[in-house]
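Chemist: Supplied structure: upload_7.cif, mmCIF, C-alpha atoms and all ligand atoms.
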data_run
loop_
_atom_site.label_atom_id
_atom_site.label_comp_id
_atom_site.auth_asym_id
_atom_site.auth_seq_id
_atom_site.Cartn_x
_atom_site.Cartn_y
_atom_site.Cartn_z
CA MET A 24 0.66 -12.63 22.06
CA GLU A 25 1.36 -9.44 23.99
CA GLY A 26 2.28 -6.32 22.12
CA GLU A 27 1.94 -2.58 21.77
CA LEU A 28 -0.59 -0.80 19.61
CA TRP A 29 1.39 0.55 16.64
CA ALA A 30 -1.26 1.97 14.33
CA LEU A 31 -5.00 2.25 14.49
CA GLY A 32 -6.78 2.89 11.21
CA ALA A 33 -10.40 3.08 10.20
CA GLU A 34 -10.27 -0.50 8.98
CA SER A 35 -7.61 -2.21 10.97
CA LYS A 36 -5.18 -2.14 13.82
CA ILE A 37 -1.51 -3.04 13.88
CA ILE A 38 0.06 -4.47 17.01
CA ARG A 39 3.82 -4.64 17.31
CA ALA A 40 4.84 -7.82 19.13
CA VAL A 41 7.58 -10.42 19.36
CA TRP A 42 6.96 -13.94 18.06
CA GLN A 43 9.68 -16.59 18.22
CA GLU A 44 12.20 -13.88 18.96
CA ARG A 45 11.27 -11.91 15.86
CA PRO A 46 9.63 -8.49 15.81
CA VAL A 47 6.25 -8.98 14.14
CA ALA A 48 3.33 -6.82 13.08
CA ILE A 49 -0.10 -8.30 13.76
CA LYS A 50 -2.71 -6.74 11.53
CA SER A 51 -6.28 -7.40 12.47
CA ARG A 52 -9.39 -5.98 10.95
CA VAL A 53 -11.59 -4.03 13.28
CA VAL A 54 -15.24 -5.07 13.75
CA LYS A 55 -17.54 -2.42 12.30
CA PRO A 56 -20.62 -2.10 14.47
CA TYR A 57 -22.62 -0.31 11.76
CA LEU A 58 -22.40 -3.24 9.31
CA LEU A 59 -24.53 -6.36 9.53
CA ALA A 60 -22.45 -8.83 11.51
CA ASP A 61 -22.44 -11.48 8.75
CA ILE A 62 -21.41 -9.04 6.03
CA ASP A 63 -18.75 -7.53 8.28
CA GLU A 64 -17.31 -10.96 9.06
CA LEU A 65 -17.30 -11.92 5.38
CA LEU A 66 -15.57 -8.70 4.32
CA ARG A 67 -12.96 -8.99 7.04
CA ARG A 68 -12.27 -12.58 6.10
CA GLN A 69 -12.01 -11.79 2.37
CA ARG A 70 -9.70 -8.81 2.85
CA THR A 71 -7.47 -10.74 5.24
CA ALA A 72 -7.16 -13.67 2.83
CA ARG A 73 -6.56 -11.32 -0.10
CA GLU A 74 -3.94 -9.31 1.76
CA CYS A 75 -2.08 -12.43 2.77
CA LYS A 76 -1.98 -13.83 -0.80
CA MET A 77 -1.11 -10.48 -2.32
CA LEU A 78 1.76 -9.74 0.08
CA THR A 79 3.37 -12.97 -1.07
CA TYR A 80 2.48 -12.60 -4.74
CA ALA A 81 3.77 -9.03 -4.85
CA ARG A 82 7.10 -10.25 -3.50
CA SER A 83 7.33 -12.73 -6.36
CA LEU A 84 6.99 -9.73 -8.71
CA GLY A 85 9.97 -8.02 -7.07
CA ILE A 86 8.27 -5.73 -4.58
CA PRO A 87 9.68 -5.92 -1.04
CA THR A 88 6.82 -6.83 1.34
CA PRO A 89 6.81 -8.20 4.89
CA ALA A 90 6.94 -12.01 5.05
CA VAL A 91 3.71 -13.53 6.38
CA TYR A 92 4.15 -16.11 9.15
CA PHE A 93 0.55 -17.15 9.61
CA ILE A 94 -3.08 -16.07 9.61
CA ASP A 95 -5.15 -16.24 12.75
CA ARG A 96 -8.45 -17.09 11.10
CA ARG A 97 -10.54 -16.70 14.21
CA ASN A 98 -9.51 -13.06 14.61
CA ASN A 99 -8.89 -12.32 10.93
CA ALA A 100 -5.36 -11.34 11.82
CA ILE A 101 -2.13 -11.62 9.84
CA VAL A 102 1.18 -12.12 11.62
CA MET A 103 4.02 -10.75 9.49
CA ASP A 104 7.51 -9.35 9.76
CA PHE A 105 7.70 -5.98 11.43
CA ILE A 106 9.46 -3.56 9.08
CA GLU A 107 11.53 -1.02 10.96
CA GLY A 108 11.42 2.42 9.44
CA GLU A 109 9.29 5.41 8.73
CA GLN A 110 6.32 5.89 6.41
CA LEU A 111 7.24 7.57 3.11
CA LYS A 112 4.57 10.09 4.10
CA GLU A 113 6.67 11.17 7.09
CA VAL A 114 10.04 10.97 5.33
CA ALA A 115 8.66 13.25 2.59
CA GLN A 116 8.19 15.97 5.16
CA HIS A 117 11.86 16.23 6.08
CA ALA A 118 13.87 14.70 3.20
CA ASP A 119 15.84 17.02 0.92
CA ILE A 120 14.79 17.23 -2.73
CA ALA A 121 17.43 14.80 -4.02
CA LEU A 122 16.43 12.12 -1.52
CA LEU A 123 12.74 12.76 -2.09
CA GLU A 124 13.17 12.29 -5.84
CA GLN A 125 15.11 9.11 -5.32
CA LEU A 126 12.46 7.67 -2.97
CA CYS A 127 9.52 8.65 -5.17
CA SER A 128 11.23 7.21 -8.21
CA LYS A 129 11.64 3.92 -6.31
CA PHE A 130 7.98 4.08 -5.26
CA GLY A 131 7.16 4.45 -8.97
CA THR A 132 9.25 1.42 -9.90
CA MET A 133 7.45 -0.64 -7.26
CA ILE A 134 4.03 0.22 -8.67
CA GLY A 135 5.52 -0.43 -12.12
CA TYR A 136 6.57 -3.96 -11.11
CA LEU A 137 3.09 -4.60 -9.72
CA HIS A 138 1.36 -3.34 -12.86
CA ARG A 139 3.73 -5.24 -15.11
CA GLY A 140 2.55 -8.32 -13.23
CA LYS A 141 -1.08 -7.28 -13.85
CA VAL A 142 -1.71 -6.45 -10.20
CA VAL A 143 -3.08 -3.17 -8.81
CA HIS A 144 -2.44 -2.12 -5.22
CA GLY A 145 -5.80 -0.48 -4.58
CA ASP A 146 -4.54 2.02 -1.97
CA PRO A 147 -1.18 3.28 -3.23
CA THR A 148 -0.58 6.12 -0.77
CA THR A 149 2.65 7.30 0.85
CA SER A 150 1.51 5.91 4.22
CA ASN A 151 1.55 2.41 2.76
CA VAL A 152 5.24 2.64 1.88
CA ILE A 153 7.83 2.14 4.61
CA VAL A 154 11.39 3.47 4.22
CA ASP A 155 13.79 1.35 6.26
CA PRO A 156 17.03 2.66 7.80
CA MET A 157 19.00 1.47 4.74
CA GLY A 158 16.75 3.55 2.47
CA LYS A 159 14.99 0.49 1.06
CA LEU A 160 11.27 0.80 0.34
CA TRP A 161 8.68 -1.74 1.45
CA MET A 162 5.00 -1.89 0.53
CA VAL A 163 2.18 -2.82 2.88
CA ASP A 164 -1.62 -2.77 2.96
CA PHE A 165 -2.64 -5.11 0.13
CA GLY A 166 -6.22 -5.73 1.32
CA LEU A 167 -7.66 -3.96 -1.75
CA ALA A 168 -5.19 -5.34 -4.29
CA GLU A 169 -6.47 -7.12 -7.40
CA TRP A 170 -5.24 -9.55 -10.02
CA ASN A 171 -5.81 -9.44 -13.79
CA ALA A 172 -5.64 -5.69 -13.81
CA THR A 173 -6.87 -3.84 -16.90
CA VAL A 174 -5.55 -0.49 -18.17
CA GLU A 175 -8.55 1.14 -16.44
CA MET A 176 -7.62 -0.45 -13.08
CA MET A 177 -4.00 0.62 -13.45
CA GLY A 178 -5.13 4.11 -14.43
CA VAL A 179 -7.19 4.26 -11.23
CA ASP A 180 -4.14 3.15 -9.22
CA LEU A 181 -2.06 6.01 -10.70
CA HIS A 182 -4.93 8.42 -10.18
CA LEU A 183 -4.95 7.42 -6.50
CA VAL A 184 -1.21 8.11 -6.27
CA HIS A 185 -1.73 11.49 -7.90
CA ARG A 186 -4.57 12.36 -5.53
CA ALA A 187 -2.66 11.16 -2.47
CA LEU A 188 0.29 13.38 -3.43
CA GLU A 189 -1.87 16.43 -3.95
CA THR A 190 -3.79 16.05 -0.70
CA THR A 191 -0.93 14.91 1.56
CA HIS A 192 2.10 16.60 0.00
CA TRP A 193 0.58 19.61 -1.77
CA ASP A 194 3.77 21.69 -1.49
CA ARG A 195 6.06 19.00 -2.97
CA GLN A 196 3.58 17.16 -5.17
CA ASP A 197 5.08 18.16 -8.54
CA THR A 198 8.56 16.96 -7.64
CA MET A 199 7.12 13.79 -6.17
CA LEU A 200 4.80 13.01 -9.08
CA ASP A 201 7.49 13.63 -11.71
CA ALA A 202 9.93 11.34 -9.93
CA PHE A 203 7.23 8.72 -9.36
CA LEU A 204 6.22 8.71 -13.04
CA GLU A 205 9.83 8.57 -14.16
CA GLY A 206 10.35 5.41 -12.04
CA TYR A 207 7.04 3.95 -13.17
CA SER A 208 7.75 4.53 -16.86
CA SER A 209 11.26 3.10 -16.61
CA VAL A 210 9.73 -0.22 -15.57
CA MET A 211 6.57 -0.20 -17.69
CA GLY A 212 8.33 0.89 -20.86
CA ALA A 213 5.99 1.28 -23.84
CA ALA A 214 3.01 0.10 -21.77
CA ALA A 215 3.22 3.23 -19.59
CA ALA A 216 1.70 5.61 -22.16
CA ALA A 217 -1.76 3.99 -22.21
CA VAL A 218 -1.96 3.91 -18.40
CA LEU A 219 -0.80 7.53 -18.09
CA SER A 220 -3.39 8.77 -20.54
CA ARG A 221 -6.04 6.74 -18.73
CA MET A 222 -4.94 8.39 -15.48
CA GLU A 223 -5.48 11.83 -17.07
CA GLU A 224 -8.84 10.74 -18.42
CA ILE A 225 -9.98 9.54 -14.97
CA ARG A 226 -8.85 12.84 -13.52
CA GLU A 227 -10.88 14.76 -16.11
CA ARG A 228 -13.93 12.59 -15.42
CA GLY A 229 -13.58 13.44 -11.73
CA ARG A 230 -13.51 17.17 -12.46
CA TYR A 231 -16.94 17.25 -14.03
CA HIS A 232 -18.79 15.03 -11.59
N1 LIG B 301 4.53 -5.16 8.60
C1 LIG B 301 4.60 -3.93 9.07
N2 LIG B 301 5.72 -3.47 9.67
C2 LIG B 301 5.79 -2.21 10.15
N3 LIG B 301 4.78 -1.31 10.09
C3 LIG B 301 3.65 -1.71 9.49
C4 LIG B 301 3.49 -3.02 8.96
N4 LIG B 301 2.25 -3.12 8.43
C5 LIG B 301 1.67 -1.91 8.62
N5 LIG B 301 2.49 -1.06 9.26
C6 LIG B 301 2.22 0.33 9.65
O1 LIG B 301 0.89 0.46 10.07
C7 LIG B 301 0.16 1.37 9.22
C8 LIG B 301 -1.26 0.85 8.99
O2 LIG B 301 -1.21 -0.42 8.38
P1 LIG B 301 -2.03 -0.70 7.05
O3 LIG B 301 -1.77 0.36 6.08
O4 LIG B 301 -1.72 -2.10 6.63
O5 LIG B 301 -3.51 -0.67 7.59
P2 LIG B 301 -4.72 0.31 7.21
O6 LIG B 301 -5.98 -0.41 7.46
O7 LIG B 301 -4.53 0.89 5.88
O8 LIG B 301 -4.63 1.47 8.20
P3 LIG B 301 -5.13 2.95 7.78
O9 LIG B 301 -6.63 2.89 7.88
O10 LIG B 301 -4.43 3.81 8.77
O11 LIG B 301 -4.67 3.20 6.36
C9 LIG B 301 0.99 1.43 7.93
O12 LIG B 301 0.80 2.65 7.27
C10 LIG B 301 2.40 1.25 8.44
O13 LIG B 301 2.92 2.49 8.88
MG MG B 302 -2.76 1.85 5.08
#
With the file now loaded, output its structure as structure tokens.
Modeler:
Amino acid sequence: MEGELWALGAESKIIRAVWQERPVAIKSRVVKPYLLADIDELLRRQRTARECKMLTYARSLGIPTPAVYFIDRRNNAIVMDFIEGEQLKEVAQHADIALLEQLCSKFGTMIGYLHRGKVVHGDPTTSNVIVDPMGKLWMVDFGLAEWNATVEMMGVDLHLVHRALETTHWDRQDTMLDAFLEGYSSVMGAAAAAVLSRMEEIRERGRYH
């Protein structure tokens, strides 16, 4: 399949291509020369399989994710729908406050739906959320997601959101975090309190280490 390089990360690369007349994203995991070849292959295979399952499972919990068409096992690549739009990370740089609050609140509800289903995302940053032209949010990058999440795991997920906001969006982080937590709590209900206090605890632990 021919395509253009869309994103190149430390772990993976995304090619934008057309498959059966549909725009698709092909995510493949990059070979890491500094890892033992067998371990590298195993990790790439595990993360690819996990991402594929989690993209589909997350959708069953109500989180919009790209549909997966197939896995190319030889190359550890996933062929999925290409989502048109812009990363939330980019949108946050030019959106007005009202829109930013609305988007972050939706981001919070998405993580809330995941956690309510006992799943953690593992890398819940604003670059893993795509805002489409209709203003709908989509989540990607589920290679580190996990099932049977405990309060500790959910607390870590929220801590990662908090940290991503303070490092990437330092000037708008308060607005963004408040809106995010409002959306999250609206979905998690009474279960939110324990996760929020765990998030604070993890943050405190981090301060003294
Ligand atoms: N299905 C998709 N449709 C459109 N864009 C996508 C899709 N999947 C990923 N992307 C874009 O490519 C970027 C990188 O993909 P992804 O987050 O899955 O990989 P990654 O290994 O985390 O890369 P990085 O190391 O840069 O975080 C995403 O932030 C998103 O902007
Ligand atoms: Mg990513």
Chemist: Tell me, in Å to one decimal, how far atom P2 of ligand LIG 301 (chain B) is from CA of Arg226 (chain A).
Modeler: 24.6 Å
Chemist: Pick the closest to Ile86 (chain A) from A:Met133, A:Leu167, A:Met211, A:Ile225: which is it, counting only C-alpha atoms?
Modeler: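 Result for the nearest residue to Ile86 (chain A): A:Met133.
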Chemist: Write out as JSON, numbers by chain each polymer residue (protein, DNA or RNA) that has an atom no more than 6 Å from ligand MG 302 (chain B), with only C-alpha atoms and all ligand atoms counted.
Modeler: {"A": [150, 151, 164]}
Chemist: Skipping near chain neighbours, those fewer than 6 positions away, what residues fall within 12 Å of Leu204 (chain A) using only C-alpha atoms, listed as a VMD selection string?
Modeler: chain A and resid 124 to 135 181 to 182 184 to 185 196 to 198 210 to 212 215 to 216 218 to 219 222
Chemist: Using all atoms listed in the file, which residue out of A:Asp95, A:Glu175, A:Asp180, A:Trp170 lies closest to Tyr207 (chain A)?
Modeler: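 Under the stated criterion, the closest residue is A:Asp180.
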Chemist: Just how far from CA of Leu188 (chain A) is CA of Thr79 (chain A), in Å to one decimal?
Modeler: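 Spanning CA of Thr79 (chain A) to CA of Leu188 (chain A) is a straight-line distance of 26.6 Å.
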Chemist: Quick one: what's the axis-aligned box for ligand LIG 301 (chain B), all listed atoms, 3 Å on every side, centre and edges in Å to one decimal, as lines of an AutoDock Vina configuration file?
Modeler:
center_x = -0.4
center_y = -0.7
center_z = 8.0
size_x = 18.4
size_y = 15.0
size_z = 10.3
Chemist: Throw together the list of residues within 10 Å of ligand LIG 301 (chain B), counting only C-alpha atoms and all ligand atoms, and drop it here as a PyMOL selection string.
Modeler: chain A and resi 28-39+46-53+74+88-91+101-113+146-155+161-167
Chemist: So the first atom is CA of Tyr57 (chain A) and the second is CA of Asn98 (chain A); what is the distance between them in Å, to one decimal place?
Modeler: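 For CA of Tyr57 (chain A) relative to CA of Asn98 (chain A), the distance reads 18.5 Å.
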Chemist: Nearest to Ile120 (chain A) among A:Met199, A:Leu65, A:Ala168, A:Ser220, with distances taken over all atoms listed in the file: which residue is it?
Modeler: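 Closest candidate: A:Met199.
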Chemist: Rank A:Ala115, A:Met176, A:Leu123, A:Ala213 by their smallest atom-to-atom distance to His144 (chain A), using all atoms listed in the file, and report the top residue only.
Modeler: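 With all atoms listed in the file as the atom set, the closest residue is A:Met176.
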